[in-house]
There are 2 protein chains.
Amino acid sequence: MKVVSTLSELRSARKDLPDPFGLVPTMGFLHEGHLSLVRQAKQECRSVGVSIYVNPTQFAPTEDLEAYPCDLEHDLVLLEGAGADLVWTPSTGELYPPGAQTWVTVEQLTQVLEGAQRPGHFRGVTTVVAKLFNAFEPQRAYFGQKDAQQARVIQRMVKDLLIPSEVIVCPIVREPDGLAMSSRNTYLKGPERGAATVLNRALREAQASFRSGVRAAEELRKTMRKILDHEPLAQTQYVSVADPDTLIELEGEIERALLSMAVYVGKTRLIDNILLVPEEG
Amino acid sequence: MKVVSTLSELRSARKDLPDPFGLVPTMGFLHEGHLSLVRQAKQECRSVGVSIYVNPTQFAPTEDLEAYPCDLEHDLVLLEGAGADLVWTPSTGELYPPGAQTWVTVEQLTQVLEGAQRPGHFRGVTTVVAKLFNAFEPQRAYFGQKDAQQARVIQRMVKDLLIPSEVIVCPIVREPDGLAMSSRNTYLKGPERGAATVLNRALREAQASFRSGVRAAEELRKTMRKILDHEPLAQTQYVSVADPDTLIELEGEIERALLSMAVYVGKTRLIDNILLVPEEG
């Protein structure tokens, strides 16, 4: 496994690796969710590259950029074990050359859910991911369903900009108690860790309602809110029952939906989601 | 020379062509300016592709999208003669898939000159050119100095987004009487054609002043305006003496500058420019 930091080292190392090449973009502090992406990439591609970069432009000034956890040494051990061939750990100067002023934006899809709560977040994400596509020139790129809206936004960007790569979205990996894996779970202190399972519990309860025949979008939202409201350490930011493609909030009877939420547990903002499809009904 | 219209045909034809591959993006109705780009690309690359596409998103509703001239049959004869290997004539549906909502924007560089007069123009240009880079995957791309700001904006985009291509800017090609070649010259009727040389005459006069030692930016602007004001068929939109890199308007003594202008001759909007460099002083 080769670890490089400059763009020219990356391009040179990439040239020596066989196609199809799979890319897994990360912000480091890797967990089983990230590693599942690397392993799937390794199964489907002849070589696999990973980027580790905490992208400042996707954090608002009020967010946790400075506090974002990192442990590069441990990340590299995990990536070696998962079969990565190439790791890029760029400096900000490599990804944002002096005077950089170019942005990639996806419009409608980024106006709702996370985009509504975190203005500018997706502009940062799409811009840096567009750069990563150009730096690695992968045939496939792997993203987690945990960040469901991010995955849709990147699929849209790749389609719209004719980026010659396929976006592959991999399932959420969860802790044994159901908490979706996230680097931010490390922020959870004491009883917050147990309370954090409330997101998954709310989603499961709504899924169970759907499976038992409930089709009213507002009914499903109420089911989730009720569970969330019952957890004293949790403060709900939003609960959504949305069209899985457009991410527009659904009203009335639904056939399929993306159920998602953002919830503060203590000071830690967590997100989770589940896809409801007709076969589940 | 292969002529294709769908993206999948393009990708397949591109795969069969050897690298380095040079791209010449055009809006068709080709003249010697375009052909000089194709010939230079052919000299420097093993294969050359040309796109012909009148990109609607770079035209404002008030502009000449509907009237923009075209003659595909003639264009193809010219391109064959200039040595192009591949021509892409995409439909709008290929470049803007249904539901397309992704934009590439360059910020500061697009706020002045053409960008100030044509809001949204450069967003259309950078978005479609980003798509063309992804569709052709060229090692080099050729643009004309005629659209000086466009060339700077695209160089900036390529650098900022880490697009793995080199942007090459080629000199303006002029008619024998000095008029810069442009597909829009076809709009000029009767005496307008002769009057249109006023742009080049104004630039040459300012260049002569610079060579004779004049260094005051405002003096150079006055020289150009005086020539332009003397032509009854011409209506000046702007005259600029700007920093060639930042495109910011210069005041006081200059060392080097991009002199540029937009002038209506009758109803036809024409642009022209010249670069003043110290060696010329």
# chains A, B, ... in the order shown; residues from 1 in each chain; ligands from 1
call {"tool": "residues_around", "arguments": {"residues": "Leu203 (chain B)", "least_positions_apart": "2", "cutoff": "10 Å", "atoms": "only C-alpha atoms", "output": "PyMOL selection string"}}
result
chain B and resi 198-201+205-209+220-221+223-225+227-228+239+259-261+272-275
call {"tool": "residues_around", "arguments": {"residues": "region 131-148 of chain A", "least_positions_apart": "2", "cutoff": "6 Å", "atoms": "only C-alpha atoms", "output": "list in words"}}
result
Pro20, Phe21, Gly22, Leu23, Val24, Val128, Val129, Gln150, Ala151, Ser165, Glu166, Val167, Ile168, Val169, Cys170, Pro171 and Ile172 of chain A; Leu161, Leu162 and Ile163 of chain B
call {"tool": "write_last_selection", "arguments": {"atoms": "C-alpha atoms", "output": "compact mmCIF listing (two decimals), in the first residue's frame"}}
result
# COMPACT_ATOMS: atom_id res chain seq x y z
CA PRO A 20 -10.81 -0.72 -12.97
CA PHE A 21 -9.76 1.50 -10.09
CA GLY A 22 -12.11 2.10 -7.16
CA LEU A 23 -12.05 5.27 -5.05
CA VAL A 24 -13.19 5.56 -1.45
CA VAL A 128 -14.02 18.45 -3.14
CA VAL A 129 -15.44 15.22 -4.52
CA GLN A 150 -24.75 13.06 0.01
CA ALA A 151 -24.89 9.85 -2.01
CA SER A 165 -17.20 6.97 -13.12
CA GLU A 166 -19.88 4.86 -11.54
CA VAL A 167 -21.11 5.80 -8.06
CA ILE A 168 -21.76 2.83 -5.80
CA VAL A 169 -23.73 3.29 -2.60
CA CYS A 170 -23.07 0.75 0.15
CA PRO A 171 -25.30 -0.19 3.10
CA ILE A 172 -25.07 1.43 6.53
CA LEU B 161 -10.75 21.30 -9.99
CA LEU B 162 -7.51 19.36 -10.64
CA ILE B 163 -8.74 18.51 -14.14
call {"tool": "interface_residues", "arguments": {"of": "chain A", "to": "chain B", "cutoff": "12 Å", "atoms": "only C-alpha atoms", "output": "PyMOL selection string"}}
result
chain A and resi 7-8+10-11+92-111+122-123+126-137+153-165+245-246
call {"tool": "write_last_selection", "arguments": {"atoms": "C-alpha atoms", "output": "PDB file, in the first residue's frame"}}
result
ATOM      1  CA  LEU A   7      -1.001  15.562  -6.329  1.00  0.00           C
ATOM      2  CA  SER A   8       1.916  14.721  -8.601  1.00  0.00           C
ATOM      3  CA  LEU A  10      -0.774  10.652  -6.544  1.00  0.00           C
ATOM      4  CA  ARG A  11      -1.024  10.898 -10.337  1.00  0.00           C
ATOM      5  CA  THR A  92      -5.374  21.837   1.722  1.00  0.00           C
ATOM      6  CA  GLY A  93      -2.930  23.545  -0.664  1.00  0.00           C
ATOM      7  CA  GLU A  94      -3.092  20.516  -2.973  1.00  0.00           C
ATOM      8  CA  LEU A  95      -6.886  20.460  -3.110  1.00  0.00           C
ATOM      9  CA  TYR A  96      -7.379  24.228  -3.047  1.00  0.00           C
ATOM     10  CA  PRO A  97      -4.528  25.825  -5.024  1.00  0.00           C
ATOM     11  CA  PRO A  98      -3.722  29.439  -4.076  1.00  0.00           C
ATOM     12  CA  GLY A  99      -6.471  31.682  -5.434  1.00  0.00           C
ATOM     13  CA  ALA A 100      -8.927  28.785  -5.844  1.00  0.00           C
ATOM     14  CA  GLN A 101     -12.387  30.169  -6.636  1.00  0.00           C
ATOM     15  CA  THR A 102     -14.176  27.359  -8.460  1.00  0.00           C
ATOM     16  CA  TRP A 103     -17.231  25.641  -6.985  1.00  0.00           C
ATOM     17  CA  VAL A 104     -19.409  22.755  -8.032  1.00  0.00           C
ATOM     18  CA  THR A 105     -23.002  23.045  -6.891  1.00  0.00           C
ATOM     19  CA  VAL A 106     -25.994  20.760  -7.162  1.00  0.00           C
ATOM     20  CA  GLU A 107     -29.119  22.842  -6.850  1.00  0.00           C
ATOM     21  CA  GLN A 108     -32.509  21.366  -5.896  1.00  0.00           C
ATOM     22  CA  LEU A 109     -31.297  18.178  -4.195  1.00  0.00           C
ATOM     23  CA  THR A 110     -29.197  20.196  -1.755  1.00  0.00           C
ATOM     24  CA  GLN A 111     -31.972  22.545  -0.630  1.00  0.00           C
ATOM     25  CA  PHE A 122     -22.999  20.266   0.010  1.00  0.00           C
ATOM     26  CA  ARG A 123     -21.213  22.894  -2.048  1.00  0.00           C
ATOM     27  CA  THR A 126     -19.468  18.331  -4.319  1.00  0.00           C
ATOM     28  CA  THR A 127     -16.519  20.631  -4.963  1.00  0.00           C
ATOM     29  CA  VAL A 128     -14.020  18.452  -3.135  1.00  0.00           C
ATOM     30  CA  VAL A 129     -15.438  15.215  -4.519  1.00  0.00           C
ATOM     31  CA  ALA A 130     -15.247  16.599  -8.075  1.00  0.00           C
ATOM     32  CA  LYS A 131     -11.568  17.314  -7.398  1.00  0.00           C
ATOM     33  CA  LEU A 132     -11.050  13.784  -6.052  1.00  0.00           C
ATOM     34  CA  PHE A 133     -12.607  12.325  -9.191  1.00  0.00           C
ATOM     35  CA  ASN A 134     -10.184  14.372 -11.299  1.00  0.00           C
ATOM     36  CA  ALA A 135      -7.214  13.474  -9.110  1.00  0.00           C
ATOM     37  CA  PHE A 136      -7.819   9.696  -8.962  1.00  0.00           C
ATOM     38  CA  GLU A 137      -9.686   9.153 -12.268  1.00  0.00           C
ATOM     39  CA  VAL A 153     -26.176  14.504  -4.595  1.00  0.00           C
ATOM     40  CA  ILE A 154     -22.958  12.902  -5.798  1.00  0.00           C
ATOM     41  CA  GLN A 155     -24.814  10.530  -8.117  1.00  0.00           C
ATOM     42  CA  ARG A 156     -26.557  13.572  -9.583  1.00  0.00           C
ATOM     43  CA  MET A 157     -23.280  15.481  -9.984  1.00  0.00           C
ATOM     44  CA  VAL A 158     -21.581  12.529 -11.687  1.00  0.00           C
ATOM     45  CA  LYS A 159     -24.485  12.143 -14.098  1.00  0.00           C
ATOM     46  CA  ASP A 160     -24.838  15.871 -14.826  1.00  0.00           C
ATOM     47  CA  LEU A 161     -21.120  16.549 -15.342  1.00  0.00           C
ATOM     48  CA  LEU A 162     -20.612  13.369 -17.415  1.00  0.00           C
ATOM     49  CA  ILE A 163     -17.932  12.235 -14.970  1.00  0.00           C
ATOM     50  CA  PRO A 164     -16.693   8.904 -16.375  1.00  0.00           C
ATOM     51  CA  SER A 165     -17.200   6.970 -13.116  1.00  0.00           C
ATOM     52  CA  ASP A 245     -34.989  10.245  -5.661  1.00  0.00           C
ATOM     53  CA  THR A 246     -35.963  13.921  -5.377  1.00  0.00           C
TER      54      THR A 246
END
call {"tool": "atom_distance", "arguments": {"atom1": "CA of Glu253 (chain B)", "atom2": "CA of Val173 (chain B)"}}
result
29.5 Å
call {"tool": "residues_around", "arguments": {"residues": "Pro232 (chain B)", "least_positions_apart": "2", "cutoff": "12 Å", "atoms": "only C-alpha atoms", "output": "list of chain:residue names"}}
result
B:Pro191, B:Glu192, B:Gly194, B:Ala195, B:Ala196, B:Val198, B:Lys226, B:Ile227, B:Leu228, B:Asp229, B:His230, B:Ala234, B:Gln235, B:Thr236, B:Val263, B:Tyr264, B:Val265, B:Gly266
call {"tool": "write_last_selection", "arguments": {"atoms": "C-alpha atoms", "output": "CSV table (one decimal), in the first residue's frame"}}
result
chain,number,residue,atom,x,y,z
B,191,PRO,CA,-21.2,49.6,-43.9
B,192,GLU,CA,-21.1,47.8,-40.5
B,194,GLY,CA,-16.0,48.3,-42.4
B,195,ALA,CA,-16.9,50.1,-39.2
B,196,ALA,CA,-16.2,46.9,-37.2
B,198,VAL,CA,-12.7,50.1,-35.2
B,226,LYS,CA,-11.5,58.4,-28.6
B,227,ILE,CA,-11.1,56.1,-31.6
B,228,LEU,CA,-14.3,54.2,-30.8
B,229,ASP,CA,-16.3,57.4,-30.3
B,230,HIS,CA,-15.2,58.6,-33.7
B,234,ALA,CA,-20.2,51.9,-33.1
B,235,GLN,CA,-21.6,52.0,-29.6
B,236,THR,CA,-19.0,51.2,-26.8
B,263,VAL,CA,-18.6,47.3,-28.8
B,264,TYR,CA,-21.9,47.2,-30.6
B,265,VAL,CA,-21.6,47.8,-34.3
B,266,GLY,CA,-25.2,48.2,-35.3
call {"tool": "select_by_dssp", "arguments": {"residues": "region 17-255 of chain B", "states": "helix (DSSP H, G or I)", "output": "JSON, numbers by chain"}}
result
{"B": [32, 33, 34, 35, 36, 37, 38, 39, 40, 41, 42, 43, 44, 56, 57, 58, 72, 73, 74, 75, 76, 77, 78, 79, 80, 81, 82, 92, 93, 94, 95, 108, 109, 110, 113, 114, 115, 116, 117, 121, 122, 123, 124, 125, 126, 127, 128, 129, 130, 131, 132, 133, 134, 135, 136, 145, 146, 147, 148, 149, 150, 151, 152, 153, 154, 155, 156, 157, 158, 159, 160, 183, 184, 185, 186, 187, 191, 192, 193, 194, 195, 198, 199, 200, 201, 202, 203, 204, 205, 206, 207, 208, 209, 210, 211, 217, 218, 219, 220, 221, 222, 223, 224, 225, 226, 227, 228, 229]}
call {"tool": "write_last_selection", "arguments": {"atoms": "C-alpha atoms", "output": "compact mmCIF listing (two decimals), in the first residue's frame"}}
result
# COMPACT_ATOMS: atom_id res chain seq x y z
CA GLU B 32 -9.97 30.38 -39.49
CA GLY B 33 -9.79 31.11 -35.75
CA HIS B 34 -11.26 27.70 -34.91
CA LEU B 35 -9.23 25.97 -37.59
CA SER B 36 -6.00 27.45 -36.23
CA LEU B 37 -6.85 25.76 -32.90
CA VAL B 38 -7.45 22.44 -34.64
CA ARG B 39 -4.20 22.71 -36.59
CA GLN B 40 -2.19 23.57 -33.49
CA ALA B 41 -3.80 20.67 -31.62
CA LYS B 42 -2.96 18.38 -34.51
CA GLN B 43 0.68 19.47 -34.38
CA GLU B 44 0.96 18.91 -30.63
CA PRO B 56 -27.95 27.45 -24.41
CA THR B 57 -26.94 28.00 -20.76
CA GLN B 58 -24.30 30.58 -21.70
CA LEU B 72 -22.71 21.74 -39.90
CA GLU B 73 -22.02 20.34 -43.35
CA HIS B 74 -19.49 23.05 -44.11
CA ASP B 75 -17.98 22.77 -40.61
CA LEU B 76 -17.31 19.07 -41.16
CA VAL B 77 -15.56 19.72 -44.47
CA LEU B 78 -13.34 22.32 -42.78
CA LEU B 79 -12.55 20.05 -39.84
CA GLU B 80 -11.65 17.15 -42.10
CA GLY B 81 -9.29 19.50 -43.93
CA ALA B 82 -7.73 20.74 -40.67
CA THR B 92 -28.80 19.10 -25.39
CA GLY B 93 -30.14 15.92 -23.79
CA GLU B 94 -26.65 14.39 -23.90
CA LEU B 95 -24.98 17.37 -22.22
CA GLN B 108 -14.01 36.47 -8.82
CA LEU B 109 -12.67 36.17 -12.38
CA THR B 110 -16.20 36.10 -13.78
CA LEU B 113 -15.70 42.51 -18.11
CA GLU B 114 -17.85 40.02 -20.06
CA GLY B 115 -19.12 38.51 -16.81
CA ALA B 116 -20.37 41.89 -15.60
CA GLN B 117 -22.18 42.54 -18.90
CA HIS B 121 -22.69 33.62 -19.17
CA PHE B 122 -19.57 32.15 -17.58
CA ARG B 123 -21.54 29.77 -15.39
CA GLY B 124 -22.87 28.30 -18.64
CA VAL B 125 -19.41 28.21 -20.18
CA THR B 126 -17.60 26.58 -17.25
CA THR B 127 -20.38 24.06 -16.72
CA VAL B 128 -20.44 22.90 -20.33
CA VAL B 129 -16.65 22.91 -20.65
CA ALA B 130 -16.32 20.82 -17.48
CA LYS B 131 -18.70 18.32 -19.10
CA LEU B 132 -16.65 18.34 -22.32
CA PHE B 133 -13.48 17.61 -20.34
CA ASN B 134 -15.22 14.64 -18.74
CA ALA B 135 -16.66 13.44 -22.04
CA PHE B 136 -13.43 13.63 -24.08
CA GLN B 145 -7.26 34.40 -26.97
CA LYS B 146 -10.16 36.18 -28.73
CA ASP B 147 -12.27 35.26 -25.70
CA ALA B 148 -9.51 36.33 -23.32
CA GLN B 149 -11.57 36.23 -20.14
CA GLN B 150 -13.05 32.85 -21.06
CA ALA B 151 -9.54 31.46 -21.49
CA ARG B 152 -8.48 32.77 -18.04
CA VAL B 153 -11.65 31.44 -16.44
CA ILE B 154 -11.16 27.99 -17.92
CA GLN B 155 -7.50 27.90 -16.92
CA ARG B 156 -8.60 28.75 -13.38
CA MET B 157 -11.30 26.06 -13.39
CA VAL B 158 -8.90 23.41 -14.67
CA LYS B 159 -6.36 24.29 -12.00
CA ASP B 160 -8.90 24.52 -9.15
CA SER B 183 -18.91 33.64 -36.06
CA ARG B 184 -20.92 36.74 -35.15
CA ASN B 185 -19.18 38.79 -37.90
CA THR B 186 -21.75 37.24 -40.22
CA TYR B 187 -24.37 39.49 -38.57
CA PRO B 191 -21.16 49.55 -43.89
CA GLU B 192 -21.09 47.83 -40.48
CA ARG B 193 -18.44 45.43 -41.74
CA GLY B 194 -16.01 48.27 -42.41
CA ALA B 195 -16.93 50.06 -39.17
CA VAL B 198 -12.70 50.14 -35.18
CA LEU B 199 -12.10 47.69 -32.32
CA ASN B 200 -8.75 46.59 -33.68
CA ARG B 201 -7.85 50.15 -34.64
CA ALA B 202 -8.51 51.33 -31.08
CA LEU B 203 -6.39 48.51 -29.65
CA ARG B 204 -3.51 49.22 -32.06
CA GLU B 205 -3.57 52.91 -31.22
CA ALA B 206 -3.35 52.15 -27.50
CA GLN B 207 -0.58 49.63 -28.17
CA ALA B 208 1.31 52.30 -30.12
CA SER B 209 0.93 54.73 -27.19
CA PHE B 210 2.21 52.07 -24.80
CA ARG B 211 5.18 51.37 -27.07
CA ALA B 217 -4.04 53.15 -17.53
CA GLU B 218 -6.60 55.92 -17.90
CA GLU B 219 -4.61 57.47 -20.75
CA LEU B 220 -4.76 54.18 -22.64
CA ARG B 221 -8.49 53.85 -22.01
CA LYS B 222 -8.99 57.42 -23.30
CA THR B 223 -7.02 56.63 -26.44
CA MET B 224 -9.26 53.65 -27.18
CA ARG B 225 -12.48 55.49 -26.36
CA LYS B 226 -11.52 58.37 -28.63
CA ILE B 227 -11.10 56.07 -31.63
CA LEU B 228 -14.32 54.21 -30.83
CA ASP B 229 -16.32 57.41 -30.30
call {"tool": "select_by_dssp", "arguments": {"residues": "region 10-161 of chain B", "states": "strand (DSSP E or B)", "output": "PyMOL selection string"}}
result
chain B and resi 21-26+47-52+86-88+102-106+140-144
call {"tool": "atom_distance", "arguments": {"atom1": "CA of Gln237 (chain A)", "atom2": "CA of Leu258 (chain A)"}}
result
16.6 Å
call {"tool": "residues_around", "arguments": {"residues": "Leu86 (chain B)", "least_positions_apart": "6", "cutoff": "9 Å", "atoms": "only C-alpha atoms", "output": "count of residues only"}}
result
13
